[in-house]
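Below is input.cif, which holds mmCIF, C-alpha atoms and all ligand atoms.
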data_input
#
loop_
_atom_site.label_atom_id
_atom_site.label_comp_id
_atom_site.auth_asym_id
_atom_site.auth_seq_id
_atom_site.Cartn_x
_atom_site.Cartn_y
_atom_site.Cartn_z
CA MET A 1 68.25 80.44 64.06
CA LYS A 2 69.75 79.76 60.64
CA HIS A 3 67.62 76.65 60.39
CA ARG A 4 64.44 78.57 61.27
CA ASN A 5 65.18 81.19 58.60
CA LEU A 6 65.65 78.48 56.03
CA ILE A 7 62.29 76.91 56.90
CA LEU A 8 60.63 80.31 56.70
CA ILE A 9 62.11 81.04 53.28
CA SER A 10 61.04 77.61 52.05
CA LEU A 11 57.49 78.15 53.32
CA VAL A 12 57.27 81.54 51.58
CA PHE A 13 58.57 79.95 48.37
CA ILE A 14 56.02 77.12 48.55
CA ALA A 15 53.23 79.64 49.24
CA ILE A 16 54.21 81.72 46.20
CA GLN A 17 54.28 78.63 44.01
CA ALA A 18 50.88 77.53 45.31
CA CYS A 19 49.43 80.97 44.60
CA SER A 20 50.55 80.94 40.98
CA PRO A 21 50.55 77.38 39.63
CA GLN A 22 50.19 78.83 36.13
CA LYS A 23 53.42 80.76 36.55
CA ALA A 24 55.18 77.68 37.86
CA SER A 25 53.98 75.51 35.01
CA ASN A 26 54.91 78.21 32.47
CA GLU A 27 58.40 78.26 33.94
CA ASP A 28 58.65 74.47 33.83
CA LEU A 29 57.60 74.36 30.20
CA THR A 30 59.94 77.21 29.25
CA GLN A 31 62.86 75.43 30.92
CA ARG A 32 62.00 72.20 29.18
CA LEU A 33 61.77 73.85 25.75
CA SER A 34 64.99 75.74 26.38
CA ASP A 35 66.86 72.58 27.39
CA GLN A 36 65.58 70.78 24.35
CA LEU A 37 66.42 73.54 21.87
CA ASN A 38 69.86 73.72 23.39
CA VAL A 39 70.39 70.17 22.14
CA LEU A 40 69.54 71.38 18.63
CA VAL A 41 71.84 74.39 18.95
CA GLN A 42 74.75 72.34 20.27
CA ALA A 43 74.43 69.88 17.40
CA THR A 44 74.05 72.41 14.57
CA ASP A 45 75.41 75.77 15.63
CA ASP A 46 78.90 75.33 14.16
CA SER A 47 77.58 74.90 10.64
CA GLU A 48 76.96 77.77 8.22
CA LYS A 49 73.77 75.91 7.34
CA LEU A 50 70.55 75.74 9.34
CA PRO A 51 68.60 72.75 10.69
CA ARG A 52 65.31 72.02 8.95
CA SER A 53 64.48 68.51 10.10
CA TRP A 54 65.97 65.38 11.62
CA THR A 55 65.53 61.61 11.52
CA GLU A 56 67.10 58.84 13.55
CA LYS A 57 68.33 57.21 10.35
CA ASP A 58 69.72 60.20 8.44
CA GLY A 59 70.45 62.74 11.16
CA TYR A 60 69.98 66.44 10.47
CA LYS A 61 68.67 67.88 7.25
CA MET A 62 70.74 71.05 7.03
CA ILE A 63 69.81 73.81 4.59
CA GLY A 64 71.35 76.86 2.98
CA ILE A 65 69.93 80.35 3.32
CA ARG A 66 67.91 80.14 0.08
CA ASP A 67 65.80 77.27 1.39
CA TRP A 68 62.29 78.45 2.30
CA CYS A 69 62.82 77.22 5.88
CA SER A 70 66.02 79.18 6.60
CA GLY A 71 64.29 81.89 8.66
CA PHE A 72 62.73 79.51 11.16
CA PRO A 73 65.74 78.49 13.31
CA PRO A 74 66.66 82.11 14.08
CA GLY A 75 62.96 82.83 14.60
CA MET A 76 62.66 79.92 17.05
CA TYR A 77 65.63 81.19 19.01
CA TRP A 78 64.16 84.73 19.11
CA TYR A 79 60.92 83.34 20.50
CA MET A 80 62.90 81.26 23.00
CA TYR A 81 64.63 84.47 24.08
CA GLU A 82 61.28 86.18 24.44
CA LEU A 83 59.81 83.32 26.47
CA SER A 84 62.85 82.83 28.72
CA ASN A 85 64.33 86.32 28.88
CA ASP A 86 67.68 84.55 28.85
CA GLU A 87 70.53 86.49 27.23
CA GLN A 88 72.09 83.26 26.03
CA TRP A 89 69.12 82.84 23.69
CA LYS A 90 69.50 86.39 22.46
CA ASN A 91 73.13 85.70 21.57
CA THR A 92 72.21 82.47 19.80
CA ALA A 93 69.39 84.24 17.94
CA ILE A 94 71.68 87.06 16.79
CA LYS A 95 74.36 84.66 15.62
CA THR A 96 71.83 82.50 13.76
CA THR A 97 70.01 85.47 12.21
CA GLU A 98 73.30 86.77 10.85
CA LYS A 99 73.89 83.48 9.04
CA LEU A 100 71.17 84.69 6.66
CA ASP A 101 73.23 87.64 5.49
CA GLY A 102 72.51 88.32 1.81
CA VAL A 103 69.18 86.50 1.63
CA GLN A 104 67.30 89.81 1.38
CA PHE A 105 68.64 90.27 -2.16
CA TYR A 106 67.38 86.92 -3.38
CA THR A 107 64.50 87.30 -5.83
CA GLY A 108 64.05 83.66 -6.86
CA THR A 109 61.14 82.78 -4.53
CA HIS A 110 58.03 84.15 -2.84
CA ASP A 111 59.15 82.63 0.46
CA LEU A 112 61.07 85.77 1.45
CA GLY A 113 58.44 86.56 4.06
CA PHE A 114 59.28 83.34 5.91
CA MET A 115 63.01 83.71 5.35
CA VAL A 116 63.44 87.38 6.23
CA PHE A 117 60.51 88.26 8.49
CA CYS A 118 60.66 85.25 10.85
CA SER A 119 64.37 85.93 11.37
CA TYR A 120 65.16 89.64 10.93
CA GLY A 121 61.56 90.66 11.65
CA ASN A 122 61.71 89.17 15.12
CA ALA A 123 65.27 90.46 15.54
CA TYR A 124 64.13 94.02 14.83
CA ARG A 125 60.98 93.71 16.93
CA LEU A 126 62.97 92.55 19.94
CA THR A 127 66.11 94.68 19.65
CA GLY A 128 65.13 97.78 17.63
CA ASP A 129 68.49 97.51 15.85
CA GLU A 130 68.19 99.71 12.73
CA ALA A 131 70.51 97.46 10.72
CA TYR A 132 67.85 94.73 10.85
CA LYS A 133 65.24 97.20 9.60
CA GLU A 134 67.21 97.85 6.42
CA VAL A 135 67.50 94.13 5.75
CA ILE A 136 63.73 93.65 6.03
CA LEU A 137 63.00 96.59 3.76
CA GLN A 138 65.32 95.11 1.15
CA GLY A 139 63.61 91.74 1.61
CA ALA A 140 60.27 93.45 0.92
CA GLU A 141 61.72 95.02 -2.25
CA SER A 142 62.89 91.62 -3.45
CA LEU A 143 59.47 90.09 -2.72
CA ALA A 144 57.65 92.96 -4.42
CA SER A 145 59.72 92.38 -7.56
CA ARG A 146 57.74 89.16 -8.03
CA PHE A 147 54.39 90.93 -8.27
CA ASN A 148 52.71 90.96 -11.67
CA PRO A 149 49.93 93.55 -12.22
CA VAL A 150 48.34 91.42 -14.96
CA THR A 151 47.74 88.46 -12.67
CA GLY A 152 47.30 90.67 -9.61
CA ALA A 153 49.52 88.35 -7.62
CA ILE A 154 53.04 87.60 -6.43
CA ARG A 155 54.56 84.67 -8.29
CA SER A 156 55.35 81.76 -5.97
CA TRP A 157 57.70 79.46 -7.84
CA ASP A 158 60.06 79.84 -10.80
CA TRP A 159 59.93 76.14 -11.62
CA GLY A 160 57.32 73.60 -12.72
CA LYS A 161 54.68 73.21 -15.39
CA TRP A 162 52.73 76.38 -14.62
CA GLN A 163 52.78 79.79 -16.34
CA PHE A 164 52.42 81.79 -13.12
CA PRO A 165 51.94 79.57 -10.05
CA VAL A 166 50.55 81.05 -6.87
CA ILE A 167 50.23 78.81 -3.82
CA ILE A 168 48.01 79.41 -0.81
CA ASP A 169 51.18 79.43 1.37
CA ASN A 170 52.03 82.77 -0.26
CA MET A 171 49.48 84.49 2.00
CA MET A 172 52.10 84.18 4.74
CA ASN A 173 54.54 86.48 2.95
CA LEU A 174 52.21 89.48 2.96
CA GLU A 175 52.89 90.43 6.58
CA MET A 176 56.38 91.66 5.66
CA LEU A 177 54.90 93.87 2.91
CA PHE A 178 52.39 95.46 5.29
CA TRP A 179 55.23 96.07 7.72
CA ALA A 180 57.42 97.62 5.00
CA SER A 181 54.73 100.14 4.06
CA LYS A 182 54.24 101.19 7.66
CA VAL A 183 57.96 101.62 8.24
CA SER A 184 58.94 103.19 4.90
CA GLY A 185 55.77 105.17 4.22
CA ASP A 186 55.73 103.67 0.71
CA ASN A 187 52.21 102.36 0.03
CA ARG A 188 53.39 100.25 -2.88
CA PHE A 189 54.12 97.25 -0.62
CA ARG A 190 50.72 97.40 1.04
CA ASP A 191 48.95 97.79 -2.32
CA ILE A 192 50.69 94.67 -3.60
CA ALA A 193 49.73 92.75 -0.46
CA VAL A 194 46.09 93.82 -0.72
CA THR A 195 45.89 93.02 -4.43
CA HIS A 196 47.44 89.60 -3.86
CA ALA A 197 45.07 88.86 -0.98
CA ASN A 198 42.05 89.88 -3.11
CA THR A 199 43.15 87.81 -6.10
CA THR A 200 43.72 84.80 -3.84
CA LEU A 201 40.33 85.26 -2.17
CA GLU A 202 38.68 85.29 -5.57
CA HIS A 203 40.36 82.24 -7.07
CA HIS A 204 41.85 79.95 -4.45
CA PHE A 205 38.71 79.09 -2.50
CA ARG A 206 35.89 76.64 -3.14
CA ASP A 207 32.32 77.19 -2.01
CA ASP A 208 33.02 75.59 1.37
CA MET A 209 36.09 77.88 1.84
CA SER A 210 38.55 75.03 1.58
CA SER A 211 41.37 76.08 -0.70
CA TYR A 212 43.27 74.79 -3.68
CA HIS A 213 46.98 74.54 -3.17
CA VAL A 214 48.22 75.91 -6.52
CA VAL A 215 46.37 78.34 -8.77
CA SER A 216 48.22 79.22 -11.95
CA TYR A 217 47.44 82.29 -14.03
CA ASP A 218 47.82 83.14 -17.70
CA THR A 219 50.32 85.99 -17.84
CA ILE A 220 48.80 87.55 -20.97
CA THR A 221 45.15 87.60 -19.92
CA GLY A 222 45.46 87.30 -16.14
CA GLU A 223 42.85 84.51 -16.25
CA VAL A 224 43.17 81.34 -14.19
CA GLU A 225 45.08 78.69 -16.11
CA ARG A 226 44.81 75.73 -13.69
CA LYS A 227 43.86 74.82 -10.13
CA GLN A 228 45.89 71.94 -8.72
CA THR A 229 47.73 70.48 -5.82
CA HIS A 230 51.41 69.91 -5.32
CA GLN A 231 51.63 68.68 -1.73
CA GLY A 232 48.05 67.59 -1.07
CA TYR A 233 46.12 64.36 -1.66
CA SER A 234 44.47 65.51 -4.91
CA ASP A 235 43.68 68.65 -6.89
CA ASP A 236 40.27 68.82 -5.21
CA SER A 237 41.37 68.03 -1.69
CA ALA A 238 42.10 70.30 1.26
CA TRP A 239 45.77 69.92 2.16
CA ALA A 240 45.89 70.63 5.89
CA ARG A 241 48.86 72.97 6.09
CA GLY A 242 47.53 74.95 3.15
CA GLN A 243 44.28 75.56 5.05
CA SER A 244 46.30 76.75 8.05
CA TRP A 245 48.40 79.08 5.87
CA GLY A 246 45.24 80.59 4.41
CA LEU A 247 43.61 81.08 7.81
CA TYR A 248 46.70 82.71 9.29
CA GLY A 249 47.21 84.87 6.20
CA TYR A 250 43.71 86.39 6.22
CA ILE A 251 43.94 87.03 9.97
CA VAL A 252 47.08 89.08 9.25
CA CYS A 253 45.29 90.90 6.41
CA TYR A 254 42.46 91.85 8.75
CA ARG A 255 44.88 92.97 11.46
CA GLU A 256 46.77 95.16 8.98
CA THR A 257 43.86 96.66 7.02
CA GLY A 258 40.76 96.41 9.23
CA ASP A 259 38.84 95.33 6.11
CA PRO A 260 35.96 93.13 7.37
CA LYS A 261 36.04 90.95 4.26
CA TYR A 262 39.33 89.49 5.48
CA LEU A 263 37.89 88.75 8.90
CA LYS A 264 34.97 87.03 7.19
CA ALA A 265 37.40 85.02 5.06
CA ALA A 266 39.34 83.96 8.17
CA GLU A 267 36.18 82.95 10.03
CA ASP A 268 34.86 81.08 7.00
CA ILE A 269 38.15 79.21 6.61
CA ALA A 270 38.04 78.37 10.33
CA ALA A 271 34.47 77.15 9.88
CA PHE A 272 35.71 74.72 7.23
CA ILE A 273 38.65 73.52 9.30
CA ILE A 274 37.07 73.05 12.74
CA PRO A 275 34.51 70.30 11.93
CA ASN A 276 37.20 68.45 9.99
CA LEU A 277 39.58 68.19 12.95
CA PRO A 278 39.99 64.94 14.86
CA GLU A 279 39.19 64.79 18.56
CA ASP A 280 42.66 65.90 19.70
CA LEU A 281 42.54 68.72 17.11
CA VAL A 282 45.87 67.99 15.38
CA PRO A 283 44.92 67.86 11.68
CA TYR A 284 45.21 64.88 9.42
CA TRP A 285 47.82 65.81 6.78
CA ASP A 286 45.01 66.29 4.22
CA TYR A 287 41.37 66.66 5.27
CA ASN A 288 40.21 64.58 2.28
CA ASP A 289 42.51 61.59 2.46
CA PRO A 290 39.98 58.73 2.09
CA LYS A 291 41.98 56.59 4.53
CA ILE A 292 41.20 58.93 7.46
CA PRO A 293 41.51 58.12 10.40
CA ASN A 294 44.41 55.83 9.47
CA VAL A 295 46.60 58.54 8.03
CA LYS A 296 49.42 60.78 9.27
CA ARG A 297 48.78 63.86 11.35
CA ASP A 298 50.58 67.11 10.64
CA ALA A 299 51.72 68.81 13.85
CA SER A 300 52.93 71.81 11.84
CA ALA A 301 49.38 72.46 10.61
CA GLY A 302 48.21 72.14 14.23
CA ALA A 303 50.82 74.55 15.62
CA LEU A 304 49.85 77.09 12.98
CA LEU A 305 46.18 76.70 13.89
CA ALA A 306 46.91 77.26 17.59
CA SER A 307 48.79 80.47 16.88
CA ALA A 308 46.18 81.68 14.39
CA PHE A 309 43.24 80.93 16.71
CA TYR A 310 44.83 82.97 19.52
CA GLU A 311 44.89 86.00 17.26
CA LEU A 312 41.48 85.36 15.68
CA GLY A 313 39.96 85.14 19.16
CA THR A 314 41.02 88.74 19.83
CA MET A 315 39.21 89.96 16.71
CA VAL A 316 35.65 88.80 17.36
CA GLU A 317 33.15 89.19 20.16
CA ASP A 318 32.72 85.47 20.76
CA GLY A 319 36.48 84.86 20.60
CA GLN A 320 36.52 82.53 23.58
CA ARG A 321 35.68 79.57 21.33
CA TYR A 322 38.88 80.19 19.34
CA PHE A 323 40.91 80.62 22.53
CA ASP A 324 39.50 77.32 23.80
CA LEU A 325 40.51 75.53 20.61
CA ALA A 326 43.98 77.07 20.76
CA ASP A 327 44.36 76.05 24.41
CA GLN A 328 43.30 72.50 23.61
CA LEU A 329 45.68 72.34 20.67
CA LEU A 330 48.58 73.53 22.80
CA GLU A 331 47.70 70.99 25.44
CA THR A 332 47.78 68.19 22.87
CA LEU A 333 50.98 69.44 21.26
CA SER A 334 52.61 69.72 24.69
CA SER A 335 51.67 66.13 25.60
CA PRO A 336 54.09 63.19 25.23
CA GLU A 337 52.36 62.19 21.99
CA TYR A 338 53.72 65.30 20.23
CA LEU A 339 56.33 67.00 22.43
CA ALA A 340 59.62 65.16 22.26
CA GLU A 341 61.28 63.74 25.33
CA GLY A 342 64.36 65.64 26.46
CA GLY A 343 67.31 64.97 24.17
CA ALA A 344 65.26 62.98 21.63
CA ASN A 345 64.01 64.18 18.22
CA GLY A 346 67.38 65.77 17.40
CA GLY A 347 66.54 68.58 19.83
CA PHE A 348 63.50 69.69 17.83
CA LEU A 349 60.40 70.23 19.96
CA LEU A 350 57.50 68.64 18.11
CA LYS A 351 57.23 65.20 16.55
CA HIS A 352 54.84 64.09 13.80
CA SER A 353 54.82 66.72 11.07
CA VAL A 354 54.39 66.06 7.38
CA GLY A 355 56.33 68.04 4.80
CA HIS A 356 55.48 66.64 1.37
CA LEU A 357 53.68 63.32 1.50
CA PRO A 358 53.07 62.79 -2.24
CA GLY A 359 56.75 63.63 -2.81
CA ASN A 360 57.63 60.99 -0.21
CA SER A 361 59.60 63.60 1.69
CA GLU A 362 59.63 64.58 5.38
CA ILE A 363 56.82 62.32 6.55
CA ASP A 364 56.19 62.04 10.29
CA VAL A 365 59.26 64.03 11.27
CA PRO A 366 60.14 67.15 13.23
CA LEU A 367 60.11 70.33 11.11
CA ASN A 368 61.54 73.68 12.12
CA TYR A 369 58.39 75.59 11.13
CA ALA A 370 56.23 73.39 13.37
CA ASP A 371 58.45 74.42 16.29
CA TYR A 372 58.45 78.08 15.24
CA TYR A 373 54.64 78.35 15.25
CA TYR A 374 54.34 76.23 18.40
CA LEU A 375 56.61 78.69 20.24
CA GLU A 376 54.68 81.60 18.74
CA ALA A 377 51.41 80.09 19.98
CA ILE A 378 52.83 79.70 23.51
CA LYS A 379 53.99 83.31 23.44
CA ARG A 380 50.57 84.50 22.24
CA LYS A 381 48.82 82.49 24.94
CA ARG A 382 51.02 83.99 27.65
CA GLU A 383 50.47 87.51 26.34
CA LEU A 384 46.71 86.98 26.40
CA LYS A 385 46.68 85.52 29.91
CA LYS A 386 48.93 88.15 31.55
N1 LIG B 401 55.41 76.38 2.14
C1 LIG B 401 55.74 75.04 1.90
C2 LIG B 401 55.05 74.11 2.78
O1 LIG B 401 54.19 74.47 3.55
O2 LIG B 401 55.40 72.93 2.71
#
Let me see the structure of the file written as structure tokens.
Ligand code: GLY
Amino acid sequence: MKHRNLILISLVFIAIQACSPQKASNEDLTQRLSDQLNVLVQATDDSEKLPRSWTEKDGYKMIGIRDWCSGFPPGMYWYMYELSNDEQWKNTAIKTTEKLDGVQFYTGTHDLGFMVFCSYGNAYRLTGDEAYKEVILQGAESLASRFNPVTGAIRSWDWGKWQFPVIIDNMMNLEMLFWASKVSGDNRFRDIAVTHANTTLEHHFRDDMSSYHVVSYDTITGEVERKQTHQGYSDDSAWARGQSWGLYGYIVCYRETGDPKYLKAAEDIAAFIIPNLPEDLVPYWDYNDPKIPNVKRDASAGALLASAFYELGTMVEDGQRYFDLADQLLETLSSPEYLAEGGANGGFLLKHSVGHLPGNSEIDVPLNYADYYYLEAIKRKRELKK
């Protein structure tokens, strides 16, 4: 009798699995990602610092809270919690988020959107804890302090040879400002975000909608001082991650304002990127490196594209083509070529990202932001396919 019951239960289980192979494969992938990130947590959790990258030779690159990448580990763990619904991930995410205590008062960088919104932003979204809300609002204040009405932009860096450098990456910090206006009722944050987005649209893009990396402004006249690169192949090239930052940034601007010029910008940027992608869709580190195809890929730029395409697809009538690209990208990134084997890669998920190739730094390594946007893309895909 007992034996018969057991067979019956097994048959029902097999039937359920057969009816929803998607569910089963989602669960397999979630378990795999969770096991892998646990390796990262076990190796780095005790430190006050946060893991940014890893190599076989040098081990972990650990960073303090003022590093631009400090918000990604807590953000990754929040997404892992969301994907797995496992309280252990919530506890890890809370503990890691709280390592960033104090960062909201830092005014020395534009990267506060990454640092505060990927960590505390997800924490607030998933828990509703009011204490997190206050931190994000303060982070938005600190970011807004870097806005200059003469240049019409938020200053990116406080170092270097430029009068007022603004990098395309800075489009990613606007989401926190839009959020702050909605939550506080103070339109100042939104106005700054819109002005910055408009200034960037006017000066960062070439005719083909590829973008410069750095545009510097004259602080007296507000005119453009120089257009250059810092992390790309050349001043006139299209650094891959920069193109992904721009695409993602204008998608957010359209979501938050409904202004069709931002949707057009996003679609035009996508129209530059798509024909420049290799067959497996993971971008070369710079679309204009003359040694293509014999150059490094940047998985971080690919993960960003996947996440961005899932959202862009929801904004247009013929969105299926963006969903298809995002699906293909996720398939490639989840293949053995990019997704690390269990226990390898220091516990990071994706291999083969490029941080700063001309600076000879973080080339062909795991990077925490590649994993963050990869997890975000998986979450977006699952939300769309529910
Ligand atoms: N925001 C810096 C980078 O993308 O490398």
Just want the 10 Å neighbourhood of Met171 (chain A), counted on all atoms listed in the file, with same-chain residues fewer than 4 positions away dropped. Output as a PyMOL selection string. chain A and resi 110-111+113+154+166-167+175+193+196-197+200+242+245-250+252-253
Listing only residues of chain A within 8 Å of ligand LIG 401 (chain B), what is the closest atom pair and its distance in Å (to one decimal) for each, using all atoms listed in the file, sorted by chain and residue number ascending, as CSV?
residue,atom,partner,partner_atom,distance
A:Trp68,CA,B:LIG401,N1,7.2
A:Asp111,CA,B:LIG401,N1,7.5
A:Asp169,CA,B:LIG401,N1,5.3
A:Asn170,CA,B:LIG401,N1,7.6
A:Gln231,CA,B:LIG401,O2,7.2
A:Arg241,CA,B:LIG401,O1,6.1
A:Gly242,CA,B:LIG401,O1,6.7
A:Trp245,CA,B:LIG401,O1,7.8
A:Gly355,CA,B:LIG401,O2,5.4
A:His356,CA,B:LIG401,O2,6.4
Kindly export the residues of the current selection with C-alpha atoms, as a CSV table (one decimal), in the frame of the given file.
chain,number,residue,atom,x,y,z
A,68,TRP,CA,62.3,78.4,2.3
A,111,ASP,CA,59.2,82.6,0.5
A,169,ASP,CA,51.2,79.4,1.4
A,170,ASN,CA,52.0,82.8,-0.3
A,231,GLN,CA,51.6,68.7,-1.7
A,241,ARG,CA,48.9,73.0,6.1
A,242,GLY,CA,47.5,75.0,3.2
A,245,TRP,CA,48.4,79.1,5.9
A,355,GLY,CA,56.3,68.0,4.8
A,356,HIS,CA,55.5,66.6,1.4
Grab the CA of Asp235 (chain A) to CA of Asn173 (chain A) distance for me, in Å with one decimal place.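 Pair CA of Asp235 (chain A) / CA of Asn173 (chain A) returns 23.1 Å.
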Skipping near chain neighbours, those fewer than 4 positions away, what residues fall within 9 Å of region 335-340 of chain A using only C-alpha atoms, listed as a list in words?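 After dropping sequence-adjacent residues, the list is Gln36, Ala299, Leu330, Glu331, Ala344, Asn345, Gly347, Phe348, Leu349, Leu350, Lys351 and His352 of chain A.
With only C-alpha atoms as the atoms that count, the residue of A:Asp58, A:Ser307, A:Thr92, A:Asn368 with the shortest distance to Gln42 (chain A) is A:Thr92.
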What is the CA of Asp364 (chain A)-CA of Asp280 (chain A) distance in Å, reported with one decimal?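 CA of Asp280 (chain A) lies 16.9 Å from CA of Asp364 (chain A).
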Region 108-187 of chain A near region 206-227 of chain A within 7 Å: what's each residue's closest atom pair and its distance in Å to one decimal, counting all atoms listed in the file, ordered by chain then ascending residue number, as a tab-separated table?
residue	atom	partner	partner_atom	distance
A:Val150	CA	A:Gly222	CA	5.2
A:Thr151	CA	A:Gly222	CA	4.3
A:Trp162	CA	A:Ser216	CA	6.0
A:Gln163	CA	A:Asp218	CA	6.1
A:Phe164	CA	A:Ser216	CA	5.1
A:Pro165	CA	A:Ser216	CA	4.2
A:Val166	CA	A:Val215	CA	5.3
A:Ile167	CA	A:Val214	CA	4.4
A:Ile168	CA	A:His213	CA	5.5
Do a neighbour search on Gly346 (chain A) at 10 Å with only C-alpha atoms, toss out local chain neighbours closer than 5 positions, and write the hits as a count of residues only. 16
